[in-house]
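Undergrad: Pasting start17.json here (JSON, C-alpha atoms):
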```json
[["chain", "number", "residue", "atom", "x", "y", "z"],
["A", 431, "MET", "CA", -16.31, 20.50, -3.17],
["A", 432, "ALA", "CA", -13.35, 19.40, -1.05],
["A", 433, "ASP", "CA", -13.98, 15.78, -1.99],
["A", 434, "GLU", "CA", -12.98, 16.53, -5.57],
["A", 435, "LEU", "CA", -9.41, 16.97, -4.39],
["A", 436, "GLU", "CA", -9.36, 13.53, -2.86],
["A", 437, "GLY", "CA", -8.96, 11.98, -6.30],
["A", 438, "ILE", "CA", -8.99, 8.30, -7.06],
["A", 439, "HIS", "CA", -9.11, 5.59, -4.46],
["A", 440, "VAL", "CA", -8.59, 1.88, -4.52],
["A", 441, "ALA", "CA", -12.02, 0.31, -4.56],
["A", 442, "GLY", "CA", -13.52, -3.17, -4.77],
["A", 443, "PRO", "CA", -14.95, -5.61, -2.24],
["A", 444, "VAL", "CA", -11.54, -7.06, -1.37],
["A", 445, "ARG", "CA", -8.36, -5.02, -1.12],
["A", 446, "ALA", "CA", -4.81, -5.59, -0.02],
["A", 447, "GLU", "CA", -2.95, -3.32, 2.36],
["A", 448, "ILE", "CA", 0.78, -3.77, 1.96],
["A", 449, "PHE", "CA", 3.25, -2.86, 4.69],
["A", 450, "LEU", "CA", 6.56, -2.71, 2.86],
["A", 451, "VAL", "CA", 9.34, -3.14, 5.41],
["A", 452, "TRP", "CA", 13.11, -3.29, 5.28],
["A", 453, "LEU", "CA", 16.04, -3.39, 7.64],
["A", 454, "ASP", "CA", 17.67, 0.03, 7.98],
["A", 455, "ALA", "CA", 20.90, -0.94, 9.71],
["A", 456, "ASP", "CA", 19.44, -2.73, 12.75],
["A", 457, "ARG", "CA", 16.01, -1.04, 12.78],
["A", 458, "ILE", "CA", 12.90, -2.15, 10.94],
["A", 459, "ALA", "CA", 11.53, 0.63, 8.75],
["A", 460, "LEU", "CA", 8.38, 1.18, 6.71],
["A", 461, "THR", "CA", 8.52, 2.40, 3.15],
["A", 462, "GLY", "CA", 6.45, 2.31, -0.03],
["A", 463, "PRO", "CA", 5.98, 3.93, -3.43],
["A", 464, "ASP", "CA", 4.43, 6.92, -1.68],
["A", 465, "GLY", "CA", 6.39, 6.87, 1.51],
["A", 466, "ALA", "CA", 6.04, 5.28, 4.91],
["A", 467, "ARG", "CA", 2.38, 4.41, 4.73],
["A", 468, "PRO", "CA", 0.27, 1.37, 3.85],
["A", 469, "TRP", "CA", 0.15, 0.68, 0.13],
["A", 470, "LEU", "CA", -3.33, -0.18, -1.13],
["A", 471, "VAL", "CA", -3.89, -2.63, -3.96],
["A", 472, "GLN", "CA", -7.14, -3.75, -5.52],
["A", 473, "LEU", "CA", -7.82, -7.49, -5.61],
["A", 474, "ASP", "CA", -10.08, -9.44, -7.90],
["A", 475, "ASP", "CA", -11.38, -12.98, -8.17],
["A", 476, "LEU", "CA", -9.03, -14.03, -10.95],
["A", 477, "GLU", "CA", -5.77, -14.15, -9.05],
["A", 478, "HIS", "CA", -4.76, -15.33, -5.59],
["A", 479, "PRO", "CA", -4.25, -12.32, -3.29],
["A", 480, "VAL", "CA", -0.70, -13.38, -2.40],
["A", 481, "GLU", "CA", 0.17, -13.66, -6.09],
["A", 482, "THR", "CA", -1.35, -10.26, -6.80],
["A", 483, "VAL", "CA", 0.63, -8.61, -4.01],
["A", 484, "ALA", "CA", 3.87, -10.32, -5.03],
["A", 485, "ARG", "CA", 3.34, -9.36, -8.67],
["A", 486, "ILE", "CA", 2.60, -5.72, -7.92],
["A", 487, "VAL", "CA", 5.56, -5.41, -5.53],
["A", 488, "ARG", "CA", 7.82, -7.13, -8.06],
["A", 489, "GLY", "CA", 6.76, -4.68, -10.74],
["A", 490, "VAL", "CA", 7.33, -1.58, -8.63],
["A", 491, "VAL", "CA", 10.31, -2.33, -6.37],
["A", 492, "GLY", "CA", 11.62, -5.72, -7.47],
["A", 493, "GLU", "CA", 11.49, -9.27, -6.14],
["A", 494, "PRO", "CA", 10.40, -9.28, -2.49],
["A", 495, "LEU", "CA", 12.27, -11.29, 0.13],
["A", 496, "LEU", "CA", 9.06, -12.35, 1.79],
["A", 497, "VAL", "CA", 5.32, -11.87, 1.29],
["A", 498, "HIS", "CA", 3.25, -12.72, 4.31],
["A", 499, "SER", "CA", -0.48, -12.36, 4.86],
["A", 500, "THR", "CA", -1.03, -11.36, 8.45],
["A", 501, "SER", "CA", -4.59, -10.29, 9.18],
["A", 502, "TRP", "CA", -7.81, -8.94, 7.78],
["A", 503, "ARG", "CA", -10.45, -6.47, 8.80],
["A", 504, "ARG", "CA", -13.50, -4.66, 7.51],
["A", 505, "ASP", "CA", -12.96, -1.30, 5.87],
["A", 506, "GLY", "CA", -16.35, 0.18, 5.13],
["A", 507, "ALA", "CA", -18.07, -2.20, 2.72],
["A", 508, "ALA", "CA", -14.80, -3.89, 1.80],
["A", 509, "VAL", "CA", -12.59, -6.55, 3.32],
["A", 510, "LEU", "CA", -9.00, -5.42, 3.72],
["A", 511, "LEU", "CA", -6.29, -8.09, 3.70],
["A", 512, "SER", "CA", -3.05, -7.00, 5.35],
["A", 513, "PHE", "CA", 0.31, -8.12, 4.00],
["A", 514, "LEU", "CA", 3.78, -7.70, 5.39],
["A", 515, "VAL", "CA", 6.27, -7.58, 2.53],
["A", 516, "VAL", "CA", 9.98, -7.63, 3.30],
["A", 517, "ILE", "CA", 12.40, -6.11, 0.80],
["A", 518, "ALA", "CA", 16.16, -5.68, 0.74],
["A", 519, "PRO", "CA", 17.80, -2.33, 1.59],
["A", 520, "ASP", "CA", 19.00, -1.80, -1.97],
["A", 521, "GLN", "CA", 15.38, -1.95, -3.19],
["A", 522, "VAL", "CA", 14.29, 1.09, -1.19],
["A", 523, "GLY", "CA", 15.94, 3.51, -3.58],
["A", 524, "GLU", "CA", 14.37, 6.97, -3.45],
["A", 525, "MET", "CA", 11.25, 5.89, -1.58],
["A", 526, "ASP", "CA", 10.63, 7.76, 1.67],
["A", 527, "SER", "CA", 11.01, 5.64, 4.78],
["A", 528, "ALA", "CA", 10.48, 5.88, 8.52],
["A", 529, "PRO", "CA", 11.39, 3.74, 11.53],
["A", 530, "ILE", "CA", 8.51, 1.68, 12.84],
["A", 531, "ARG", "CA", 7.33, 2.56, 16.32],
["A", 532, "ARG", "CA", 5.85, 0.02, 18.70],
["A", 533, "ALA", "CA", 2.08, 0.04, 19.24],
["A", 534, "GLN", "CA", -0.50, -1.60, 21.45],
["A", 535, "LEU", "CA", -2.45, -4.34, 19.74],
["A", 536, "ALA", "CA", -6.15, -3.92, 19.03],
["A", 537, "ARG", "CA", -7.72, -6.63, 21.16],
["A", 538, "SER", "CA", -10.92, -8.33, 20.07],
["A", 539, "GLU", "CA", -13.57, -9.69, 22.35],
["A", 540, "VAL", "CA", -14.38, -13.38, 22.48],
["A", 541, "ALA", "CA", -16.68, -13.21, 19.46],
["A", 542, "ARG", "CA", -16.46, -9.62, 18.37],
["A", 543, "ALA", "CA", -13.90, -7.68, 16.40],
["A", 544, "PRO", "CA", -12.14, -4.69, 17.97],
["A", 545, "ALA", "CA", -14.12, -1.47, 17.72],
["A", 546, "ALA", "CA", -11.28, 0.25, 15.89],
["A", 547, "ILE", "CA", -8.03, -0.91, 14.38],
["A", 548, "GLY", "CA", -5.27, 1.47, 13.34],
["A", 549, "GLY", "CA", -2.54, 0.89, 10.81],
["A", 550, "SER", "CA", 0.17, 0.91, 13.47],
["A", 551, "GLN", "CA", -1.67, -1.83, 15.35],
["A", 552, "VAL", "CA", -1.94, -3.93, 12.20],
["A", 553, "LEU", "CA", 1.78, -3.50, 11.64],
["A", 554, "GLU", "CA", 2.59, -4.38, 15.26],
["A", 555, "HIS", "CA", 0.53, -7.55, 14.96],
["A", 556, "ALA", "CA", 2.24, -8.40, 11.65],
["A", 557, "LEU", "CA", 5.73, -7.96, 13.08],
["A", 558, "ARG", "CA", 4.91, -10.07, 16.12],
["A", 559, "HIS", "CA", 3.66, -12.77, 13.78],
["A", 560, "LEU", "CA", 6.82, -12.48, 11.70],
["A", 561, "ALA", "CA", 8.91, -12.71, 14.87],
["A", 562, "TRP", "CA", 7.18, -15.99, 15.65],
["A", 563, "LEU", "CA", 7.66, -17.32, 12.13],
["A", 564, "ALA", "CA", 11.32, -16.32, 12.16],
["A", 565, "GLU", "CA", 11.79, -18.67, 15.11],
["A", 566, "ASP", "CA", 9.31, -21.38, 14.13],
["A", 567, "ASP", "CA", 9.49, -21.63, 10.34],
["A", 568, "PRO", "CA", 12.88, -22.68, 8.95],
["A", 569, "VAL", "CA", 12.03, -21.29, 5.50],
["A", 570, "VAL", "CA", 11.23, -17.85, 6.91],
["A", 571, "ALA", "CA", 14.25, -17.97, 9.23],
["A", 572, "ALA", "CA", 16.58, -18.80, 6.36],
["A", 573, "ARG", "CA", 15.04, -16.18, 4.11],
["A", 574, "LEU", "CA", 15.34, -13.38, 6.66],
["A", 575, "GLY", "CA", 18.72, -14.25, 8.09],
["A", 576, "PRO", "CA", 20.30, -13.43, 11.46],
["A", 577, "LYS", "CA", 20.04, -9.61, 11.19],
["A", 578, "TRP", "CA", 16.30, -9.73, 10.75],
["A", 579, "ARG", "CA", 15.92, -12.27, 13.52],
["A", 580, "ALA", "CA", 17.85, -9.97, 15.83],
["A", 581, "ALA", "CA", 15.72, -6.97, 14.86],
["A", 582, "LEU", "CA", 12.55, -8.97, 15.53],
["A", 583, "ALA", "CA", 13.75, -10.23, 18.89],
["A", 584, "GLY", "CA", 11.98, -7.39, 20.69],
["A", 585, "TYR", "CA", 8.62, -8.38, 19.28],
["A", 586, "VAL", "CA", 7.03, -10.88, 21.60],
["A", 587, "PRO", "CA", 5.53, -13.57, 19.40],
["A", 588, "GLU", "CA", 1.80, -13.15, 19.57],
["A", 589, "PRO", "CA", 0.92, -16.86, 20.07],
["A", 590, "PHE", "CA", 2.92, -16.89, 23.30],
["A", 591, "ARG", "CA", 1.78, -13.60, 24.82],
["A", 592, "SER", "CA", -1.03, -15.27, 26.70],
["A", 593, "PHE", "CA", 1.51, -17.32, 28.61],
["A", 594, "ALA", "CA", 3.73, -14.41, 29.56],
["B", 1255, "MET", "CA", -16.46, 14.51, -8.55],
["B", 1256, "THR", "CA", -16.55, 16.77, -11.56],
["B", 1257, "ALA", "CA", -16.76, 15.46, -15.07],
["B", 1258, "ARG", "CA", -15.71, 17.87, -17.76],
["B", 1259, "PRO", "CA", -16.90, 17.06, -21.26],
["B", 1260, "GLU", "CA", -13.94, 17.10, -23.64],
["B", 1261, "GLN", "CA", -15.72, 19.21, -26.26],
["B", 1262, "ASN", "CA", -15.87, 22.12, -23.82],
["B", 1263, "ALA", "CA", -12.15, 22.12, -23.07],
["B", 1264, "PRO", "CA", -9.58, 24.13, -25.01],
["B", 1265, "MET", "CA", -6.59, 22.24, -26.46],
["B", 1266, "SER", "CA", -4.20, 23.66, -23.86],
["B", 1267, "HIS", "CA", -6.49, 22.90, -20.92],
["B", 1268, "SER", "CA", -4.46, 21.45, -18.06],
["B", 1269, "ILE", "CA", -6.02, 19.03, -15.63],
["B", 1270, "ARG", "CA", -4.90, 17.13, -12.57],
["B", 1271, "VAL", "CA", -5.71, 13.74, -11.11],
["B", 1272, "ARG", "CA", -4.63, 12.87, -7.60],
["B", 1273, "CYS", "CA", -4.51, 9.32, -6.29],
["B", 1274, "GLY", "CA", -5.48, 8.45, -2.75],
["B", 1275, "CYS", "CA", -1.86, 7.38, -2.18],
["B", 1276, "GLY", "CA", -0.57, 10.87, -2.86],
["B", 1277, "TRP", "CA", 0.61, 10.41, -6.44],
["B", 1278, "GLU", "CA", -0.68, 12.95, -8.90],
["B", 1279, "ALA", "CA", -0.40, 13.82, -12.54],
["B", 1280, "THR", "CA", -0.87, 17.18, -14.20],
["B", 1281, "GLY", "CA", -0.98, 17.88, -17.90],
["B", 1282, "THR", "CA", -3.19, 17.58, -20.94],
["B", 1283, "LYS", "CA", -6.05, 15.13, -20.91],
["B", 1284, "ASP", "CA", -4.09, 12.60, -22.95],
["B", 1285, "GLU", "CA", -1.05, 12.88, -20.68],
["B", 1286, "VAL", "CA", -3.05, 12.61, -17.49],
["B", 1287, "VAL", "CA", -5.17, 9.72, -18.74],
["B", 1288, "SER", "CA", -2.08, 7.81, -19.85],
["B", 1289, "ALA", "CA", -0.14, 8.47, -16.63],
["B", 1290, "THR", "CA", -3.11, 7.69, -14.39],
["B", 1291, "ALA", "CA", -3.96, 4.46, -16.18],
["B", 1292, "GLU", "CA", -0.35, 3.34, -15.93],
["B", 1293, "HIS", "CA", -0.09, 4.29, -12.25],
["B", 1294, "GLY", "CA", -3.38, 2.63, -11.35],
["B", 1295, "GLU", "CA", -2.53, -0.66, -13.00],
["B", 1296, "ARG", "CA", 1.14, -0.83, -12.01],
["B", 1297, "VAL", "CA", 0.88, 0.33, -8.40],
["B", 1298, "HIS", "CA", -2.69, -0.47, -7.35],
["B", 1299, "ASN", "CA", -3.82, -3.23, -9.74],
["B", 1300, "MET", "CA", -6.67, -0.93, -10.81],
["B", 1301, "ARG", "CA", -7.99, -0.54, -14.33],
["B", 1302, "ALA", "CA", -9.89, 2.57, -15.31],
["B", 1303, "SER", "CA", -11.29, 3.81, -18.59],
["B", 1304, "ARG", "CA", -10.50, 7.21, -20.07],
["B", 1305, "ASP", "CA", -13.95, 8.46, -19.09],
["B", 1306, "GLU", "CA", -13.54, 7.22, -15.52],
["B", 1307, "ILE", "CA", -10.17, 8.95, -15.21],
["B", 1308, "LEU", "CA", -11.45, 12.20, -16.68],
["B", 1309, "ALA", "CA", -14.39, 12.09, -14.30],
["B", 1310, "MET", "CA", -11.89, 12.19, -11.43],
["B", 1311, "ALA", "CA", -9.90, 15.08, -12.87],
["B", 1312, "ILE", "CA", -9.94, 18.65, -11.64],
["B", 1313, "GLU", "CA", -8.58, 21.76, -13.23],
["B", 1314, "ALA", "CA", -4.89, 22.28, -12.61],
["B", 1315, "ASP", "CA", -3.80, 25.49, -10.96],
["B", 1316, "ALA", "CA", -1.20, 26.07, -13.65],
["B", 1317, "PRO", "CA", -0.24, 24.39, -16.91],
["B", 1318, "GLY", "CA", 2.52, 21.83, -16.58],
["B", 1319, "ASP", "CA", 3.91, 18.53, -17.67],
["B", 1320, "VAL", "CA", 2.89, 15.23, -16.19],
["B", 1321, "GLU", "CA", 4.80, 14.82, -12.95],
["B", 1322, "PRO", "CA", 4.07, 11.42, -11.47],
["B", 1323, "ARG", "CA", 5.57, 10.98, -8.01],
["B", 1324, "ALA", "CA", 5.85, 7.22, -8.22]]
```
Now, as a test, write the supplied structure out as structure tokens.
TA:
Amino acid sequence: MADELEGIHVAGPVRAEIFLVWLDADRIALTGPDGARPWLVQLDDLEHPVETVARIVRGVVGEPLLVHSTSWRRDGAAVLLSFLVVIAPDQVGEMDSAPIRRAQLARSEVARAPAAIGGSQVLEHALRHLAWLAEDDPVVAARLGPKWRAALAGYVPEPFRSFA
Amino acid sequence: MTARPEQNAPMSHSIRVRCGCGWEATGTKDEVVSATAEHGERVHNMRASRDEILAMAIEADAPGDVEPRA
């Protein structure tokens, strides 16, 4: 059966989806242990999700610059928590990487989730949120520095889009 | 999924486990179980028993050493 070739998959009722990003010169890029794709991690009830994500990232690529929980969504029977994790350029090493392209957000209805949400939309939302934090949160601003703030300048902070 | 009872496998039998993230390991049962357990816990915070890992294994196309990609 073809399914046999699919191999093992991260399971569990709550999972983390890590978008590992870095600044490639002046462009934001996506990377990960298996290339430019979301990195799935299983969560349990013994450890805070942020601590789990930070610990796993620390063990694989080193100390992250920033770990930020951005959104959540259903994924089959599971809940998928999305994290944006910022790392330094020298932590990318041999991992494959790709520039991040802009995407349209998945818009929800007043009391209903979007019918479908893609990974690029989750990442777009996360970067818009980070752009807002980089201007609003002095801790995040200091941690990211001026180069990151410049790279995020093109992302319209999500909380202010309604007023545009 | 295909589970292969160990007693039916020759000593040189080579198997492969592929992770949903793209990582894979090929080698003997001991090598693949060890590499897969390490990959699962280190990269995905997953813990799997030897039996669970072997249940996910398929026959390798050719004998080879364990070649984890991550």
Undergrad: Quick one: everything within 8 Å of A:Ile458, counting all atoms listed in the file, minus sequence neighbours fewer than 2 positions away in the same chain. Send it as a list of chain:residue names.
TA: A:Val451, A:Trp452, A:Leu453, A:Asp454, A:Asp456, A:Leu460, A:Pro529, A:Ile530, A:Ala581
Undergrad: For atom CA of A:Leu496 and atom CA of A:Val516, determine how far apart the two atoms are, in Å to one decimal place.
TA: 5.0 Å
Undergrad: In Å, rounded to a single decimal, give me how far atom CA of A:Pro463 is from atom CA of B:Ala1309.
TA: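 Answer for the atom CA of B:Ala1309 to atom CA of A:Pro463 separation: 24.5 Å.
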Undergrad: Pick out the closest residue to B:Thr1280 from this set: B:His1293, B:Arg1304, B:Ile1312, B:Asn1299. Count only C-alpha atoms.
TA: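 Counting only C-alpha atoms, the residue closest to B:Thr1280 is B:Ile1312.
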Undergrad: Wanna dump the chain B-chain A contacts at 9 Å for me, each residue with its shortest atom pair and the distance in Å to one decimal, counting all atoms listed in the file, ordered by chain and number, as CSV?
TA:
```
residue,atom,partner,partner_atom,distance
B:Met1255,CA,A:Glu434,CA,5.0
B:Thr1256,CA,A:Glu434,CA,7.0
B:Val1271,CA,A:Gly437,CA,6.1
B:Arg1272,CA,A:Gly437,CA,4.6
B:Cys1273,CA,A:Ile438,CA,4.7
B:Gly1274,CA,A:His439,CA,4.9
B:Cys1275,CA,A:Asp464,CA,6.3
B:Gly1276,CA,A:Asp464,CA,6.5
B:Trp1277,CA,A:Asp464,CA,7.0
B:Glu1278,CA,A:Gly437,CA,8.7
B:Gly1294,CA,A:Val440,CA,8.6
B:Glu1295,CA,A:Ile486,CA,8.8
B:Arg1296,CA,A:Ile486,CA,6.5
B:Val1297,CA,A:Ile486,CA,6.3
B:His1298,CA,A:Val471,CA,4.2
B:Asn1299,CA,A:Gln472,CA,5.4
B:Met1300,CA,A:Gln472,CA,6.0
B:Ile1307,CA,A:Ile438,CA,8.3
B:Met1310,CA,A:Gly437,CA,5.9
B:Ala1311,CA,A:Gly437,CA,7.3
B:Ile1312,CA,A:Glu434,CA,7.1
B:Arg1323,CA,A:Asp464,CA,7.6
B:Ala1324,CA,A:Pro463,CA,5.8
```
